[in-house]
file query_8.cif (mmCIF, C-alpha atoms)
data_model
#
loop_
_atom_site.label_atom_id
_atom_site.label_comp_id
_atom_site.auth_asym_id
_atom_site.auth_seq_id
_atom_site.Cartn_x
_atom_site.Cartn_y
_atom_site.Cartn_z
CA PRO L 5 136.03 116.80 101.93
CA ILE L 6 132.88 115.21 103.27
CA VAL L 7 134.68 111.97 104.21
CA ASP L 8 136.92 113.94 106.59
CA GLN L 9 133.90 115.74 108.02
CA TYR L 10 132.40 112.40 109.10
CA GLY L 11 135.70 110.75 110.07
CA LEU L 12 135.53 108.16 107.30
CA GLU L 13 138.66 106.19 106.43
CA SER L 14 139.20 105.99 102.68
CA GLY L 15 138.73 102.50 101.29
CA LYS L 16 137.43 101.10 104.59
CA PHE L 17 133.69 101.80 104.45
CA VAL L 18 130.78 100.44 102.44
CA ALA L 19 128.69 103.07 100.64
CA CYS L 20 125.07 101.93 100.34
CA SER L 21 121.85 103.09 98.79
CA PHE L 22 118.59 101.38 99.64
CA GLY L 23 116.32 103.87 97.92
CA GLY L 24 115.02 103.84 94.42
CA LEU L 25 112.01 104.73 92.37
CA ASN L 26 110.85 101.14 92.03
CA PRO L 27 109.88 99.66 95.42
CA GLN L 28 109.46 96.21 93.85
CA ASN L 29 113.26 96.09 93.37
CA LYS L 30 113.97 96.42 97.10
CA LEU L 31 114.89 93.68 99.52
CA PRO L 32 112.21 92.89 102.10
CA ALA L 33 112.72 94.94 105.29
CA LYS L 34 113.55 91.83 107.36
CA THR L 35 116.24 90.70 104.90
CA LEU L 36 117.71 94.19 104.71
CA HIS L 37 117.86 94.44 108.53
CA GLU L 38 119.56 91.01 108.76
CA LEU L 39 122.10 92.09 106.16
CA VAL L 40 122.85 95.38 107.91
CA GLU L 41 123.23 93.51 111.21
CA LYS L 42 125.63 91.02 109.63
CA LEU L 43 127.72 93.76 107.99
CA CYS L 44 127.84 96.06 111.04
CA THR L 45 127.82 93.76 114.04
CA GLY L 46 129.18 90.57 112.52
CA PHE L 47 131.95 92.07 110.40
CA GLY L 48 132.40 95.54 111.90
CA PHE L 49 131.86 97.40 108.64
CA GLN L 50 130.97 101.06 108.65
CA LEU L 51 128.08 101.79 106.29
CA VAL L 52 127.60 105.18 104.67
CA MET L 53 124.08 105.61 103.34
CA LEU L 54 123.54 107.71 100.23
CA GLY L 55 120.25 108.73 98.70
CA SER L 56 117.63 111.40 98.67
CA ASP L 57 115.90 113.03 101.62
CA ASP L 58 113.01 110.63 100.91
CA ASP L 59 115.30 107.68 101.77
CA SER L 60 116.38 109.09 105.13
CA ALA L 61 113.44 107.73 107.18
CA GLU L 62 114.04 104.17 105.93
CA VAL L 63 117.72 104.44 106.84
CA GLU L 64 116.86 105.88 110.26
CA SER L 65 114.68 102.81 110.92
CA LEU L 66 117.73 100.59 110.31
CA MET L 67 120.06 102.53 112.62
CA PRO L 68 119.00 101.60 116.18
CA GLY L 69 121.48 99.15 117.66
CA PHE L 70 124.22 99.98 115.18
CA ASP L 71 125.66 103.07 116.85
CA GLY L 72 128.81 104.24 115.15
CA HIS L 73 128.41 101.80 112.27
CA ILE L 74 125.97 103.75 110.10
CA VAL L 75 126.38 107.27 108.76
CA ASN L 76 123.16 108.55 107.20
CA LEU L 77 123.99 111.02 104.43
CA CYS L 78 120.60 110.68 102.71
CA GLY L 79 119.51 114.12 101.57
CA LYS L 80 122.67 115.69 103.02
CA THR L 81 125.00 115.52 100.02
CA SER L 82 125.08 117.20 96.66
CA LEU L 83 125.70 115.14 93.54
CA LYS L 84 129.34 116.22 93.62
CA GLU L 85 129.69 115.26 97.31
CA SER L 86 128.06 111.87 96.64
CA PHE L 87 130.65 111.21 93.93
CA GLY L 88 133.30 112.23 96.45
CA VAL L 89 132.01 109.68 98.94
CA LEU L 90 131.96 106.99 96.24
CA ASN L 91 135.54 107.82 95.29
CA HIS L 92 136.60 106.96 98.85
CA ALA L 93 134.36 103.92 99.47
CA GLY L 94 135.84 100.44 99.59
CA VAL L 95 132.74 99.18 97.81
CA PHE L 96 129.23 100.34 96.95
CA PHE L 97 126.20 98.14 97.63
CA GLY L 98 122.67 98.81 96.40
CA TYR L 99 119.87 98.26 93.94
CA ASP L 100 119.43 99.07 90.28
CA ALA L 101 119.12 102.82 90.74
CA GLY L 102 121.04 106.02 90.12
CA PRO L 103 123.61 105.63 92.94
CA LEU L 104 124.70 102.22 91.59
CA HIS L 105 125.39 103.70 88.19
CA MET L 106 127.14 106.69 89.78
CA ALA L 107 129.38 104.28 91.70
CA VAL L 108 130.25 102.38 88.51
CA ALA L 109 130.98 105.67 86.72
CA SER L 110 133.27 106.74 89.56
CA GLY L 111 135.27 103.51 89.32
CA CYS L 112 134.14 102.25 92.72
CA LYS L 113 133.82 98.50 93.24
CA THR L 114 130.12 97.64 93.28
CA VAL L 115 127.79 94.87 94.41
CA SER L 116 124.17 95.05 93.35
CA ILE L 117 120.93 93.18 93.98
CA TRP L 118 118.75 92.17 91.05
CA GLY L 119 115.16 91.06 91.38
CA PRO L 120 112.53 91.77 88.73
CA SER L 121 114.61 94.35 86.80
CA LEU L 122 115.95 93.83 83.30
CA PHE L 123 119.43 92.66 84.25
CA ASP L 124 120.60 92.19 80.66
CA LYS L 125 119.64 95.76 79.82
CA TRP L 126 120.44 97.74 83.00
CA ALA L 127 123.25 95.92 84.82
CA PRO L 128 126.74 97.40 84.54
CA GLN L 129 127.98 95.12 81.76
CA PHE L 130 131.36 96.63 81.09
CA SER L 131 132.83 96.85 84.56
CA ASP L 132 135.17 94.22 85.92
CA ARG L 133 134.73 95.97 89.29
CA HIS L 134 131.03 95.02 89.50
CA SER L 135 129.48 91.89 90.97
CA PHE L 136 125.87 91.10 91.61
CA VAL L 137 123.51 88.80 93.46
CA ARG L 138 120.38 87.39 91.82
CA LYS L 139 118.46 84.14 91.72
CA ASP L 140 117.99 83.49 87.97
CA LEU L 141 114.37 82.39 88.21
CA ALA L 142 112.23 81.63 85.15
CA CYS L 143 110.03 84.65 85.90
CA GLN L 144 112.97 87.10 85.75
CA PRO L 145 112.83 89.72 84.49
CA CYS L 146 109.34 90.12 85.84
CA LEU L 147 106.98 88.65 83.29
CA ASN L 148 103.85 89.92 85.03
CA GLY L 149 103.56 93.05 82.94
CA ARG L 150 105.81 94.87 80.57
CA PHE L 151 108.70 96.70 82.13
CA PRO L 152 108.63 99.35 83.51
CA ILE L 153 104.97 98.85 84.38
CA TYR L 154 104.95 96.57 87.40
CA GLN L 155 101.58 94.94 88.05
CA GLY L 156 102.33 92.84 91.11
CA CYS L 157 104.05 89.50 91.41
CA SER L 158 102.37 86.12 91.11
CA PHE L 159 105.41 84.53 92.80
CA ASN L 160 105.45 86.66 95.98
CA ARG L 161 108.67 88.40 94.89
CA ALA L 162 110.59 85.12 95.08
CA CYS L 163 113.47 86.74 93.18
CA LEU L 164 114.16 88.90 96.24
CA LEU L 165 112.75 86.78 99.07
CA ARG L 166 115.03 83.86 98.20
CA LEU L 167 118.22 85.91 98.28
CA ASP L 168 120.48 84.81 101.10
CA THR L 169 122.11 87.43 103.32
CA ASP L 170 125.25 85.28 103.55
CA ALA L 171 125.58 85.29 99.76
CA ILE L 172 125.19 89.07 99.67
CA ALA L 173 127.65 89.60 102.54
CA ASN L 174 130.15 87.27 100.83
CA LYS L 175 130.03 89.34 97.63
CA ILE L 176 130.69 92.50 99.65
CA CYS L 177 133.60 90.83 101.50
CA GLN L 178 135.05 89.59 98.21
CA ALA L 179 134.85 93.09 96.74
CA LEU L 180 136.67 94.44 99.81
CA GLU L 181 139.16 91.58 99.51
CA ARG L 182 138.43 90.56 103.09
CA PRO L 183 137.99 86.85 103.90
CA CYS L 184 135.55 87.63 106.69
CA CYS L 185 132.45 85.89 105.43
CA GLN L 186 132.46 82.14 105.26
#

call {"tool": "encode", "arguments": {"input": "query_8.cif", "output": "C-alpha coordinates"}}
result
Amino acid sequence: PIVDQYGLESGKFVACSFGGLNPQNKLPAKTLHELVEKLCTGFGFQLVMLGSDDDSAEVESLMPGFDGHIVNLCGKTSLKESFGVLNHAGVFFGYDAGPLHMAVASGCKTVSIWGPSLFDKWAPQFSDRHSFVRKDLACQPCLNGRFPIYQGCSFNRACLLRLDTDAIANKICQALERPCCQ
(Lines of atoms letter the chains of each structure in order from A and count residues from 1; the text may use other names and numbers.)
(Lines give C-alpha, C1' and ligand atoms only; values in the text may rest on other atoms or scores of the structure.)
Protein backbone atom coordinates (compact mmCIF):
# COMPACT_ATOMS: atom_id res chain seq x y z
CA PRO A 1 0.00 0.00 0.00
CA ILE A 2 1.02 3.59 -0.60
CA VAL A 3 1.22 4.36 3.14
CA ASP A 4 3.94 1.70 3.51
CA GLN A 5 5.76 3.06 0.47
CA TYR A 6 6.13 6.45 2.20
CA GLY A 7 6.68 5.07 5.71
CA LEU A 8 3.43 6.48 7.08
CA GLU A 9 2.12 5.20 10.40
CA SER A 10 -1.59 4.44 10.25
CA GLY A 11 -3.69 6.82 12.33
CA LYS A 12 -0.74 9.11 13.11
CA PHE A 13 -0.67 11.53 10.17
CA VAL A 14 -2.88 14.36 8.99
CA ALA A 15 -4.06 14.10 5.37
CA CYS A 16 -4.54 17.56 3.86
CA SER A 17 -5.77 19.11 0.66
CA PHE A 18 -5.25 22.79 0.01
CA GLY A 19 -6.38 22.76 -3.60
CA GLY A 20 -9.79 23.34 -5.01
CA LEU A 21 -11.56 24.84 -7.96
CA ASN A 22 -12.64 27.95 -6.06
CA PRO A 23 -9.63 30.04 -4.99
CA GLN A 24 -11.88 32.34 -2.95
CA ASN A 25 -12.42 29.43 -0.51
CA LYS A 26 -8.72 29.14 0.34
CA LEU A 27 -6.95 30.46 3.40
CA PRO A 28 -4.56 33.34 2.71
CA ALA A 29 -1.02 32.06 2.05
CA LYS A 30 0.35 33.63 5.26
CA THR A 31 -2.34 31.96 7.41
CA LEU A 32 -1.80 28.62 5.70
CA HIS A 33 1.97 28.82 6.26
CA GLU A 34 1.45 29.69 9.96
CA LEU A 35 -0.90 26.74 10.33
CA VAL A 36 1.50 24.31 8.64
CA GLU A 37 4.33 25.61 10.85
CA LYS A 38 2.22 25.13 13.98
CA LEU A 39 1.17 21.60 12.98
CA CYS A 40 4.63 20.45 11.86
CA THR A 41 7.09 22.28 14.08
CA GLY A 42 4.90 23.05 17.08
CA PHE A 43 3.11 19.71 17.37
CA GLY A 44 5.30 17.38 15.32
CA PHE A 45 2.52 16.22 13.02
CA GLN A 46 3.31 14.61 9.71
CA LEU A 47 1.20 16.07 6.91
CA VAL A 48 0.34 14.12 3.78
CA MET A 49 -0.82 16.39 0.99
CA LEU A 50 -3.41 15.09 -1.47
CA GLY A 51 -4.64 16.79 -4.60
CA SER A 52 -4.07 17.12 -8.28
CA ASP A 53 -0.82 17.80 -10.10
CA ASP A 54 -1.98 21.44 -10.27
CA ASP A 55 -1.80 21.64 -6.45
CA SER A 56 1.77 20.35 -6.24
CA ALA A 57 3.53 23.71 -6.75
CA GLU A 58 1.54 25.33 -3.92
CA VAL A 59 2.44 22.45 -1.61
CA GLU A 60 6.10 22.63 -2.66
CA SER A 61 6.13 26.31 -1.64
CA LEU A 62 5.02 25.28 1.87
CA MET A 63 7.65 22.56 2.31
CA PRO A 64 10.95 24.41 2.93
CA GLY A 65 11.85 24.22 6.61
CA PHE A 66 9.56 21.29 7.32
CA ASP A 67 11.82 18.45 6.20
CA GLY A 68 10.36 15.09 7.05
CA HIS A 69 7.04 16.56 8.14
CA ILE A 70 5.36 16.94 4.74
CA VAL A 71 4.80 14.25 2.14
CA ASN A 72 3.59 15.73 -1.15
CA LEU A 73 1.39 13.20 -2.95
CA CYS A 74 -0.32 15.80 -5.15
CA GLY A 75 -0.69 14.34 -8.62
CA LYS A 76 1.01 11.10 -7.52
CA THR A 77 -1.99 9.05 -6.43
CA SER A 78 -4.91 7.51 -8.21
CA LEU A 79 -8.41 7.94 -6.80
CA LYS A 80 -8.15 4.47 -5.27
CA GLU A 81 -4.76 5.27 -3.69
CA SER A 82 -6.11 8.56 -2.31
CA PHE A 83 -8.93 6.65 -0.62
CA GLY A 84 -6.28 4.28 0.74
CA VAL A 85 -4.37 7.19 2.26
CA LEU A 86 -7.58 8.58 3.77
CA ASN A 87 -8.38 5.18 5.28
CA HIS A 88 -5.09 5.36 7.21
CA ALA A 89 -5.10 9.06 8.16
CA GLY A 90 -5.74 10.12 11.74
CA VAL A 91 -7.70 13.08 10.40
CA PHE A 92 -8.25 14.93 7.13
CA PHE A 93 -8.00 18.73 6.96
CA GLY A 94 -9.02 20.86 3.99
CA TYR A 95 -11.50 23.06 2.19
CA ASP A 96 -14.91 22.43 0.67
CA ALA A 97 -13.65 20.37 -2.25
CA GLY A 98 -13.61 16.81 -3.53
CA PRO A 99 -10.97 15.44 -1.11
CA LEU A 100 -13.03 16.57 1.91
CA HIS A 101 -16.05 14.68 0.66
CA MET A 102 -13.88 11.67 -0.19
CA ALA A 103 -12.56 11.69 3.38
CA VAL A 104 -16.09 11.82 4.81
CA ALA A 105 -17.15 8.97 2.51
CA SER A 106 -14.18 6.89 3.65
CA GLY A 107 -15.13 7.35 7.32
CA CYS A 108 -12.04 9.43 8.12
CA LYS A 109 -12.33 12.09 10.81
CA THR A 110 -12.42 15.49 9.10
CA VAL A 111 -11.86 19.15 9.88
CA SER A 112 -12.82 21.69 7.24
CA ILE A 113 -12.55 25.43 6.69
CA TRP A 114 -15.60 27.38 5.55
CA GLY A 115 -15.46 30.87 4.14
CA PRO A 116 -17.86 32.12 1.47
CA SER A 117 -19.24 28.67 0.54
CA LEU A 118 -22.78 27.52 1.18
CA PHE A 119 -22.15 25.70 4.46
CA ASP A 120 -25.77 24.65 4.94
CA LYS A 121 -25.82 23.04 1.50
CA TRP A 122 -22.31 21.58 1.07
CA ALA A 123 -20.96 20.79 4.55
CA PRO A 124 -20.97 17.14 5.62
CA GLN A 125 -24.18 17.28 7.65
CA PHE A 126 -24.57 13.64 8.57
CA SER A 127 -21.15 12.81 9.93
CA ASP A 128 -20.40 12.83 13.63
CA ARG A 129 -16.74 12.50 12.62
CA HIS A 130 -16.68 15.96 11.00
CA SER A 131 -15.89 19.29 12.60
CA PHE A 132 -15.37 22.65 11.00
CA VAL A 133 -14.02 26.14 11.52
CA ARG A 134 -15.87 29.22 10.30
CA LYS A 135 -16.63 32.73 11.49
CA ASP A 136 -20.43 33.02 11.04
CA LEU A 137 -20.38 36.53 9.58
CA ALA A 138 -23.50 38.26 8.26
CA CYS A 139 -22.10 38.16 4.72
CA GLN A 140 -21.77 34.35 4.74
CA PRO A 141 -22.44 32.65 2.47
CA CYS A 142 -20.99 35.25 0.17
CA LEU A 143 -23.76 37.66 -0.67
CA ASN A 144 -21.75 39.49 -3.33
CA GLY A 145 -23.13 37.49 -6.21
CA ARG A 146 -25.09 34.32 -6.55
CA PHE A 147 -23.22 31.15 -5.80
CA PRO A 148 -21.31 29.71 -7.60
CA ILE A 149 -20.52 32.95 -9.41
CA TYR A 150 -18.04 34.77 -7.20
CA GLN A 151 -17.71 38.46 -8.03
CA GLY A 152 -15.18 39.58 -5.45
CA CYS A 153 -15.61 40.40 -1.80
CA SER A 154 -16.59 43.77 -0.39
CA PHE A 155 -15.31 42.65 3.04
CA ASN A 156 -11.76 41.68 2.01
CA ARG A 157 -12.50 37.97 2.58
CA ALA A 158 -13.04 38.58 6.30
CA CYS A 159 -14.59 35.11 6.60
CA LEU A 160 -11.15 33.61 5.94
CA LEU A 161 -8.81 36.38 7.12
CA ARG A 162 -10.32 36.35 10.62
CA LEU A 163 -9.85 32.61 11.13
CA ASP A 164 -7.36 31.92 13.89
CA THR A 165 -4.65 29.30 13.34
CA ASP A 166 -4.92 28.27 17.00
CA ALA A 167 -8.64 27.53 16.56
CA ILE A 168 -7.92 25.45 13.46
CA ALA A 169 -5.03 23.59 15.13
CA ASN A 170 -7.23 22.91 18.18
CA LYS A 171 -9.92 21.31 16.00
CA ILE A 172 -7.29 19.07 14.40
CA CYS A 173 -5.87 18.11 17.83
CA GLN A 174 -9.37 17.36 19.13
CA ALA A 175 -10.07 15.14 16.12
CA LEU A 176 -6.80 13.28 16.80
CA GLU A 177 -7.74 13.11 20.49
CA ARG A 178 -4.44 14.77 21.40
CA PRO A 179 -4.43 17.53 24.03
CA CYS A 180 -1.50 19.26 22.37
CA CYS A 181 -3.06 22.58 21.48
CA GLN A 182 -4.02 24.91 24.26

call {"tool": "closest_residue", "arguments": {"input": "query_8.cif", "among": "L:His37, L:Lys80, L:Lys125, L:His92", "to": "Leu66 of chain L", "atoms": "all atoms listed in the file"}}
result
L:His37

call {"tool": "residues_around", "arguments": {"input": "query_8.cif", "residues": "Ser56 of chain L", "least_positions_apart": "5", "cutoff": "12 Å", "atoms": "all atoms listed in the file", "output": "count of residues only"}}
result
20

call {"tool": "atom_distance", "arguments": {"input": "query_8.cif", "atom1": "atom CA of Glu181 of chain L", "atom2": "atom CA of Ser14 of chain L"}}
result
14.8 Å

call {"tool": "atom_distance", "arguments": {"input": "query_8.cif", "atom1": "atom CA of Phe136 of chain L", "atom2": "atom CA of Asp57 of chain L"}}
result
26.1 Å

call {"tool": "atom_distance", "arguments": {"input": "query_8.cif", "atom1": "atom CA of Lys139 of chain L", "atom2": "atom CA of Val115 of chain L"}}
result
14.5 Å

call {"tool": "residues_around", "arguments": {"input": "query_8.cif", "residues": "Phe123 of chain L", "least_positions_apart": "4", "cutoff": "9 Å", "atoms": "all atoms listed in the file", "output": "list of chain:residue names"}}
result
L:Asp100, L:Trp118, L:Gly119, L:Ala127, L:Pro128, L:Gln144, L:Pro145

call {"tool": "residues_around", "arguments": {"input": "query_8.cif", "residues": "segment 168-173 of chain L", "least_positions_apart": "5", "cutoff": "10 Å", "atoms": "all atoms listed in the file", "output": "list in words"}}
result
Thr35, Leu36, His37, Glu38, Leu39, Val40, Lys42, Leu43, Phe47, Phe97, Val115, Ser116, Ile117, Phe136, Val137, Arg138, Lys139, Gln178, Ala179, Cys184, Cys185 and Gln186 of chain L

call {"tool": "closest_residue", "arguments": {"input": "query_8.cif", "among": "L:Leu31, L:Met106, L:Leu90, L:Leu122", "to": "Leu167 of chain L", "atoms": "all atoms listed in the file"}}
result
L:Leu31

call {"tool": "residues_around", "arguments": {"input": "query_8.cif", "residues": "Gly69 of chain L", "least_positions_apart": "3", "cutoff": "12 Å", "atoms": "all atoms listed in the file", "output": "list in words"}}
result
His37, Val40, Glu41, Cys44, Thr45, Glu64, Ser65, Leu66, Gly72, His73 and Ile74 of chain L

call {"tool": "closest_residue", "arguments": {"input": "query_8.cif", "among": "L:Lys84, L:Lys175, L:Lys34, L:His134", "to": "Ile6 of chain L", "atoms": "all atoms listed in the file"}}
result
L:Lys84

call {"tool": "axis_aligned_box", "arguments": {"input": "query_8.cif", "around": "segment 86-90 of chain L", "padding_each_side": "5 Å", "output": "AutoDock Vina command-line options"}}
result
--center_x 130.7 --center_y 109.6 --center_z 96.4 --size_x 15.2 --size_y 15.2 --size_z 15.0

call {"tool": "closest_residue", "arguments": {"input": "query_8.cif", "among": "L:Phe159, L:Arg133, L:Val89, L:His105", "to": "Ile176 of chain L", "atoms": "all atoms listed in the file"}}
result
L:Arg133

call {"tool": "closest_residue", "arguments": {"input": "query_8.cif", "among": "L:Ala107, L:Leu141, L:Ala162, L:Val52", "to": "Glu13 of chain L", "atoms": "all atoms listed in the file"}}
result
L:Val52

call {"tool": "residues_around", "arguments": {"input": "query_8.cif", "residues": "Leu51 of chain L", "least_positions_apart": "2", "cutoff": "8 Å", "atoms": "all atoms listed in the file", "output": "ChimeraX atom specification"}}
result
/L:17-20,44,49,53,73-75

call {"tool": "resolve_selection", "arguments": {"input": "query_8.cif", "expression": "the PyMOL selection byres ((chain L and resi 28) around 8)", "output": "list in words"}}
result
Asn26, Pro27, Asn29, Lys30, Pro120, Tyr154 and Arg161 of chain L

call {"tool": "closest_residue", "arguments": {"input": "query_8.cif", "among": "L:Gly11, L:Gly88, L:Pro68, L:Pro5", "to": "Ser110 of chain L", "atoms": "only C-alpha atoms"}}
result
L:Gly88
